[in-house]
Structure formats: C-alpha cells, structure tokens
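Take a look at the structure set out below.
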Amino acid sequence: MKIRVWKLLSLPGFLCLIFMAAGCQDLVDEYTGKSPEDIKTINITMVAKSSNNPVFLSALVGAEAAAKNLSDKHSKIDINIDWRTPTTEDPQEQADRILNAVMDGTDAIIVSCSDKDILTAAINIAVDSGVPVMTFDSDAPESKRFAFYGPDDLEIGETVMSELATQMGEKGRVAVLAGNQSAPNLQKRVEGVLKEAENHAGIEIIGVFYHAENAEEAAAEVIRVNDAYPDLKGWAMVGGWPLFSDALLDKIDPQEIKIVAVDALPIQLHYVEKGIVPVLLGQPTFRWGKVPVEKIIDKIYLNEEVPVINQMRLFRVSMENLGGWSRQLRAWGYEDIPEKYLTM
C-alpha cells in the first residue's frame, strides 16, 4: 500500500507517455527504481462479521497497517485490502461477498465466520477456485481454509466465569450475554462459561441470552433481564457489545451486580474506571487483521509453511493496568483514548 511518486527521466520519455508509443519504459518508481510491470498487486478480501461492530473496524486498521508494512518491506508487491464486510451480521451475505470476490479475481480471503455451516460451503468454493482462505476470530474448522487466527474460545468462557465468580464472592445468580446464537466462537465461549460454573457451588446460571450484535440491542437485553430478575448478581458477557455505548453507565449498580466481559476497546474503558466492569478480557483485535495478512503473504508470496492454528492471547484489563493497556491501544493506532488513562 505504498504511495508512489513517479518521475520522468527525459523529455522523450514524457512525449512517449503522452502519445502512448510502444516500447517506451521511462517511468520508474521513486522508491524501488522498478517499472510498474515489476510490481505485483495482491488483493486480499476481508470479510468480517459486521462493519458496525468496533472490534472489526479495529481489525481492518490492523490489516491495512500490515499491508502497508509488507508492501514497504517487499519491493515487488503492493498489497490492497478489499473490505467487503456486511453492515450488520448476515452469514449468507458474507458467503455471497466471498463468492463475488472470487469472481472479481481476488488473490486471497480472510473471514470471521458468523455461521460455520454457511461459510464452510463458500470457503470451499473459493479454495477449489484457487483462492486461499484464512479465518480469524471465528473459525470454520471443517472447511478447506488453510489456517485460523484467534483465541481458544472454550478457555475464554471458562476465564470469564472464573473471574466473575471471584468478583461475586463465589455466590449469586448469573446471566450469560451471548450475542449471535449461530456464531461458532460464541457457542464455545458459552460452553466454557457453563462448564466453569459447575466448579462454583454457590453460582447459579439463570439463562443464556442472545441478541443482535450491536450496542443498542445488547444493552436493551441487559436491562430487560435485570428487570426480570431483580436478584441477579452477575453478568458473564462473552462479548462486550453493550459496553460500546454509554447506555449502561447509569443502569448498573456495581455494588449489586458484577460484570466480566470480553473486549477492551477505548470506548469500553470508562466502565472499568467507574467500577461497573471490574475486569475486561481484552482481545488484541488490531491483530485480527494484522496477523492473517502476514500469514497470507507468508503463504502465497514467500511460499512458507503456515501453522493451521495460530492462537491469540487475551489481556486481563482492570484498574491496576488500565494505563498500560491504554498505551498499548495507542501504539496500535487508536486515537480516542482519554489522556487521563494514558498517564496512569
């Protein structure tokens, strides 16, 4: 993704460009000294779950940063990120966009799967057509994708519940906020929550609650459940959807209800500061885009072996390390971080 400045070597070169005379090759790249014919454009199609979810916009920033860095590093390639993510979560729309990208001649695809069955079929068609596919965040393990980058979702669910049980003093009624019921990664996280809850005799799971993955509907579901269960003492959130807005800031009494949630983007950090969410499990969502782009170039340009499973590590974020995490987010390119967090 280099921005190139082309220079003309001579007046005859300029004239031959104007008249498109055959055989003239006077254009050279200011950075590489190569003519345009020496540089291969690699188009990588990115299909995340939804473009209205901040975690996937973060992944796009990571993908674009990797594309620029790799284009600068390897002088003979220019990597372009083709963002084809639906506005709202729709697995069939994801599948259609993958197939359209194949028809348009994309060189590779990275995708976060909203539904593993629907996406498996599309991924297999792409791979059979000669287009390598890598998944991130949410996998389709039975597909022909060559690699996956993401966390151990069962372990995430277990960690959410373990942290929450500690915050609750090992007793009380808990609700699970679970997002899209069809998403394979979220299914595994819920499984982990329920499995870990069995290890805490004083914890009672009252139910698993699904919703569209946006801040408004997630917050509305939390408020609805809180009203329906006035004795609720905890929320195990396998995604941080309702925390992408301020809707719950004045709706949760941290003395009455404890919350542990996945994700720790800048907009969510004030929930930690105010004690409403004492622990966030931060996903390095910037790397959701960065790592798959790097792995695709390893595979299709450098002809290197890529591990099938590339595990992502989560970060425990609390008041104790809020400053350090904020500075890490800034290093990843986030600008909307309150200065007070950066100086902690």
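Labels for the structure tokens follow display order: chains A, B, ..., residues from 1 in each chain, ligands from 1.
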
Q | Surrounding residues of region 49-63 of chain A excluding itself and chain neighbours under 6 positions, 9 Å, only C-alpha atoms, as a PyMOL selection string | A | chain A and resi 81+83+85-91+94+111-114+213-215+241+244+263+265+283-294+332-334

May I have the selected residues written with N, CA and C atoms, as an mmCIF file, in the first residue's frame?
data_model
loop_
_atom_site.group_PDB
_atom_site.id
_atom_site.type_symbol
_atom_site.label_atom_id
_atom_site.label_comp_id
_atom_site.auth_asym_id
_atom_site.auth_seq_id
_atom_site.Cartn_x
_atom_site.Cartn_y
_atom_site.Cartn_z
ATOM 1 N N ILE A 81 -6.134 -4.070 0.616
ATOM 2 C CA ILE A 81 -7.170 -4.699 1.438
ATOM 3 C C ILE A 81 -8.532 -4.309 0.872
ATOM 4 N N TRP A 83 -12.187 -4.437 1.605
ATOM 5 C CA TRP A 83 -13.120 -4.601 2.735
ATOM 6 C C TRP A 83 -14.515 -4.899 2.195
ATOM 7 N N THR A 85 -17.188 -6.345 4.152
ATOM 8 C CA THR A 85 -17.923 -6.777 5.342
ATOM 9 C C THR A 85 -19.344 -6.228 5.342
ATOM 10 N N PRO A 86 -20.354 -7.067 5.616
ATOM 11 C CA PRO A 86 -21.732 -6.555 5.709
ATOM 12 C C PRO A 86 -21.866 -5.521 6.823
ATOM 13 N N THR A 87 -22.814 -4.608 6.662
ATOM 14 C CA THR A 87 -23.040 -3.596 7.700
ATOM 15 C C THR A 87 -23.522 -4.245 8.989
ATOM 16 N N THR A 88 -24.469 -5.158 8.870
ATOM 17 C CA THR A 88 -24.953 -5.919 10.017
ATOM 18 C C THR A 88 -24.670 -7.400 9.784
ATOM 19 N N GLU A 89 -24.663 -8.152 10.841
ATOM 20 C CA GLU A 89 -24.245 -9.557 10.746
ATOM 21 C C GLU A 89 -25.234 -10.376 9.927
ATOM 22 N N ASP A 90 -24.727 -11.045 8.901
ATOM 23 C CA ASP A 90 -25.552 -11.828 7.994
ATOM 24 C C ASP A 90 -24.656 -12.864 7.311
ATOM 25 N N PRO A 91 -24.672 -14.113 7.780
ATOM 26 C CA PRO A 91 -23.757 -15.117 7.225
ATOM 27 C C PRO A 91 -23.961 -15.374 5.737
ATOM 28 N N GLN A 94 -22.217 -12.688 3.965
ATOM 29 C CA GLN A 94 -20.784 -12.970 3.980
ATOM 30 C C GLN A 94 -20.420 -13.961 2.875
ATOM 31 N N VAL A 111 -11.647 -14.196 6.682
ATOM 32 C CA VAL A 111 -13.052 -14.111 7.067
ATOM 33 C C VAL A 111 -13.244 -14.530 8.517
ATOM 34 N N SER A 112 -14.146 -13.825 9.206
ATOM 35 C CA SER A 112 -14.621 -14.217 10.528
ATOM 36 C C SER A 112 -16.032 -14.773 10.346
ATOM 37 N N CYS A 113 -16.245 -16.002 10.697
ATOM 38 C CA CYS A 113 -17.461 -16.730 10.305
ATOM 39 C C CYS A 113 -18.619 -16.526 11.283
ATOM 40 N N SER A 114 -19.706 -15.954 10.781
ATOM 41 C CA SER A 114 -20.907 -15.800 11.600
ATOM 42 C C SER A 114 -21.668 -17.109 11.746
ATOM 43 N N GLU A 213 -25.790 -8.339 17.462
ATOM 44 C CA GLU A 213 -24.505 -7.887 17.991
ATOM 45 C C GLU A 213 -24.267 -6.409 17.710
ATOM 46 N N ASN A 214 -25.044 -5.576 18.376
ATOM 47 C CA ASN A 214 -24.795 -4.138 18.363
ATOM 48 C C ASN A 214 -25.069 -3.606 19.762
ATOM 49 N N ALA A 215 -24.531 -2.429 20.046
ATOM 50 C CA ALA A 215 -24.579 -1.897 21.406
ATOM 51 C C ALA A 215 -26.009 -1.671 21.892
ATOM 52 N N TRP A 241 -20.483 -6.260 23.735
ATOM 53 C CA TRP A 241 -21.369 -5.439 22.908
ATOM 54 C C TRP A 241 -22.047 -4.277 23.632
ATOM 55 N N PHE A 244 -20.141 -0.860 24.229
ATOM 56 C CA PHE A 244 -19.737 0.021 23.145
ATOM 57 C C PHE A 244 -20.569 1.302 23.106
ATOM 58 N N ASP A 263 -13.439 -8.178 25.464
ATOM 59 C CA ASP A 263 -13.128 -6.969 24.690
ATOM 60 C C ASP A 263 -12.753 -5.834 25.635
ATOM 61 N N LEU A 265 -11.818 -2.256 24.229
ATOM 62 C CA LEU A 265 -11.506 -1.159 23.323
ATOM 63 C C LEU A 265 -11.666 0.175 24.052
ATOM 64 N N GLN A 283 -9.187 -8.454 23.846
ATOM 65 C CA GLN A 283 -8.691 -9.138 22.655
ATOM 66 C C GLN A 283 -7.859 -8.146 21.838
ATOM 67 N N PRO A 284 -6.700 -8.548 21.379
ATOM 68 C CA PRO A 284 -5.902 -7.657 20.526
ATOM 69 C C PRO A 284 -6.500 -7.618 19.120
ATOM 70 N N THR A 285 -7.646 -6.966 18.994
ATOM 71 C CA THR A 285 -8.404 -7.007 17.738
ATOM 72 C C THR A 285 -7.642 -6.400 16.568
ATOM 73 N N PHE A 286 -6.719 -5.505 16.840
ATOM 74 C CA PHE A 286 -5.835 -4.975 15.795
ATOM 75 C C PHE A 286 -5.123 -6.129 15.080
ATOM 76 N N ARG A 287 -4.744 -7.142 15.843
ATOM 77 C CA ARG A 287 -4.014 -8.288 15.284
ATOM 78 C C ARG A 287 -4.917 -9.241 14.513
ATOM 79 N N TRP A 288 -6.248 -9.141 14.709
ATOM 80 C CA TRP A 288 -7.159 -9.944 13.898
ATOM 81 C C TRP A 288 -6.924 -9.687 12.418
ATOM 82 N N GLY A 289 -6.624 -8.437 12.089
ATOM 83 C CA GLY A 289 -6.331 -8.107 10.702
ATOM 84 C C GLY A 289 -4.863 -8.258 10.365
ATOM 85 N N LYS A 290 -4.010 -7.836 11.275
ATOM 86 C CA LYS A 290 -2.566 -7.830 11.028
ATOM 87 C C LYS A 290 -2.011 -9.234 10.778
ATOM 88 N N VAL A 291 -2.304 -10.155 11.685
ATOM 89 C CA VAL A 291 -1.698 -11.486 11.593
ATOM 90 C C VAL A 291 -2.160 -12.248 10.349
ATOM 91 N N PRO A 292 -3.470 -12.300 10.015
ATOM 92 C CA PRO A 292 -3.860 -13.018 8.804
ATOM 93 C C PRO A 292 -3.233 -12.463 7.529
ATOM 94 N N VAL A 293 -3.098 -11.139 7.429
ATOM 95 C CA VAL A 293 -2.450 -10.567 6.244
ATOM 96 C C VAL A 293 -1.003 -11.041 6.169
ATOM 97 N N GLU A 294 -0.321 -11.042 7.294
ATOM 98 C CA GLU A 294 1.066 -11.515 7.316
ATOM 99 C C GLU A 294 1.152 -12.988 6.927
ATOM 100 N N TRP A 332 -1.221 0.818 18.914
ATOM 101 C CA TRP A 332 -1.890 0.152 17.798
ATOM 102 C C TRP A 332 -2.627 1.124 16.893
ATOM 103 N N GLY A 333 -2.591 2.409 17.242
ATOM 104 C CA GLY A 333 -3.182 3.408 16.354
ATOM 105 C C GLY A 333 -4.499 3.990 16.808
ATOM 106 N N TYR A 334 -5.005 3.599 17.968
ATOM 107 C CA TYR A 334 -6.250 4.177 18.458
ATOM 108 C C TYR A 334 -6.006 5.613 18.923
#

Q.
Please list as a count of residues only every residue within 9 Å of Val225 (chain A), counting only C-alpha atoms and excluding residues in the same chain fewer than 5 positions away.
A. 5

Q) Near Val308 (chain A), counting only C-alpha atoms, which residues have an atom at most 10 Å away, once you skip same-chain residues fewer than 6 positions from it, shown as an MDAnalysis selection string? A) chainID A and resid 134 141 145:149

Q) Ala247 (chain A): which residues within 9 Å, counting only C-alpha atoms, same-chain residues fewer than 2 positions away excluded, as a list in words? A)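 Surrounding residues, per the criterion: Ala215, Glu216, Ala219, Ala220, Pro242, Leu243, Phe244, Ser245, Leu249, Asp250 and Lys251 of chain A.
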
(Q) If DSSP is run on the backbone, what residues of region 104-195 of chain A are strand (DSSP E or B)? A reply as a PyMOL selection string would be ideal. (A) chain A and resi 108-111+133-136+147-150+172-179

Q) Do you know which residues are at most 10 Å from Glu204 (chain A) counting only C-alpha atoms, after dropping those on the same chain fewer than 3 positions away, and could you put them as a ChimeraX atom specification? A) /A:171-175,194,197-198,200-201,207,232-234

Near Lys188 (chain A), counting only C-alpha atoms, which residues have an atom at most 8 Å away, once you skip same-chain residues fewer than 2 positions from it, shown as an mmCIF file with C-alpha atoms, in the first residue's frame?
data_model
loop_
_atom_site.group_PDB
_atom_site.id
_atom_site.type_symbol
_atom_site.label_atom_id
_atom_site.label_comp_id
_atom_site.auth_asym_id
_atom_site.auth_seq_id
_atom_site.Cartn_x
_atom_site.Cartn_y
_atom_site.Cartn_z
ATOM 1 C CA ASP A 153 -12.943 -19.832 22.904
ATOM 2 C CA LEU A 154 -13.722 -22.579 25.410
ATOM 3 C CA GLY A 157 -15.638 -18.732 28.546
ATOM 4 C CA PRO A 184 -19.311 -20.895 16.458
ATOM 5 C CA ASN A 185 -16.832 -18.931 18.553
ATOM 6 C CA LEU A 186 -19.591 -17.632 20.842
ATOM 7 C CA VAL A 190 -20.913 -20.084 26.348
ATOM 8 C CA GLU A 191 -19.969 -23.742 26.703
ATOM 9 C CA GLY A 192 -16.895 -22.647 28.662
#

Q. For Asp104 (chain A), which residue out of A:Ser143, A:Val127, A:Thr45, A:Ala183 is the nearest one, using only C-alpha atoms?
A. A:Thr45

Q) So which residues touch Lys144 (chain A) within 10 Å, counting only C-alpha atoms, skipping near sequence neighbours fewer than 5 positions away, as a VMD selection string? A) chain A and resid 120 to 128 132 to 134

Store the residues of this selection in a file with N, CA and C atoms, as a short mmCIF file (atom, residue, chain, number, x, y, z; two decimals), in the first residue's frame.
data_model
loop_
_atom_site.label_atom_id
_atom_site.label_comp_id
_atom_site.auth_asym_id
_atom_site.auth_seq_id
_atom_site.Cartn_x
_atom_site.Cartn_y
_atom_site.Cartn_z
N THR A 120 -18.67 -22.45 5.54
CA THR A 120 -17.85 -23.57 5.07
C THR A 120 -18.06 -23.81 3.58
N ALA A 121 -19.30 -23.79 3.15
CA ALA A 121 -19.59 -24.02 1.73
C ALA A 121 -18.94 -22.96 0.86
N ALA A 122 -19.03 -21.68 1.26
CA ALA A 122 -18.44 -20.61 0.47
C ALA A 122 -16.92 -20.68 0.47
N ILE A 123 -16.35 -20.98 1.63
CA ILE A 123 -14.89 -21.10 1.72
C ILE A 123 -14.39 -22.21 0.80
N ASN A 124 -15.09 -23.34 0.81
CA ASN A 124 -14.65 -24.46 -0.02
C ASN A 124 -14.73 -24.14 -1.50
N ILE A 125 -15.75 -23.41 -1.91
CA ILE A 125 -15.84 -23.00 -3.32
C ILE A 125 -14.66 -22.09 -3.67
N ALA A 126 -14.34 -21.15 -2.77
CA ALA A 126 -13.23 -20.25 -3.02
C ALA A 126 -11.91 -21.01 -3.16
N VAL A 127 -11.67 -21.92 -2.23
CA VAL A 127 -10.41 -22.68 -2.26
C VAL A 127 -10.35 -23.56 -3.50
N ASP A 128 -11.46 -24.19 -3.86
CA ASP A 128 -11.49 -25.03 -5.06
C ASP A 128 -11.27 -24.20 -6.33
N PRO A 132 -6.81 -18.98 -1.74
CA PRO A 132 -6.60 -19.41 -0.35
C PRO A 132 -7.42 -18.58 0.63
N VAL A 133 -7.92 -19.24 1.67
CA VAL A 133 -8.76 -18.58 2.66
C VAL A 133 -8.21 -18.85 4.05
N MET A 134 -8.14 -17.77 4.85
CA MET A 134 -7.77 -17.90 6.26
C MET A 134 -8.88 -17.31 7.10
#

Q) From the set A:Ile276, A:Val238, A:Met168, A:Leu248, which residue has the shortest atom-to-atom contact distance to Glu155 (chain A), counting only C-alpha atoms? A)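 That would be A:Val238, the residue with the smallest distance to Glu155 (chain A).
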
Q | Those of region 83-263 of chain A in DSSP helix (DSSP H, G or I), formatted as an NGL selection string | A | :A and (91-103 or 116-128 or 153-167 or 184-197 or 215-228 or 241-244)

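The smallest atom-to-atom distance between Met319 (chain A) and any of A:Ile77, A:Asp336, A:Glu305, A:Val272, using only C-alpha atoms, is found for A:Val272.
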
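Take the candidates A:Arg330, A:Asp227, A:Gly323, A:Ile118 and check each one against Thr343 (chain A) using only C-alpha atoms; the shortest distance goes to A:Gly323.
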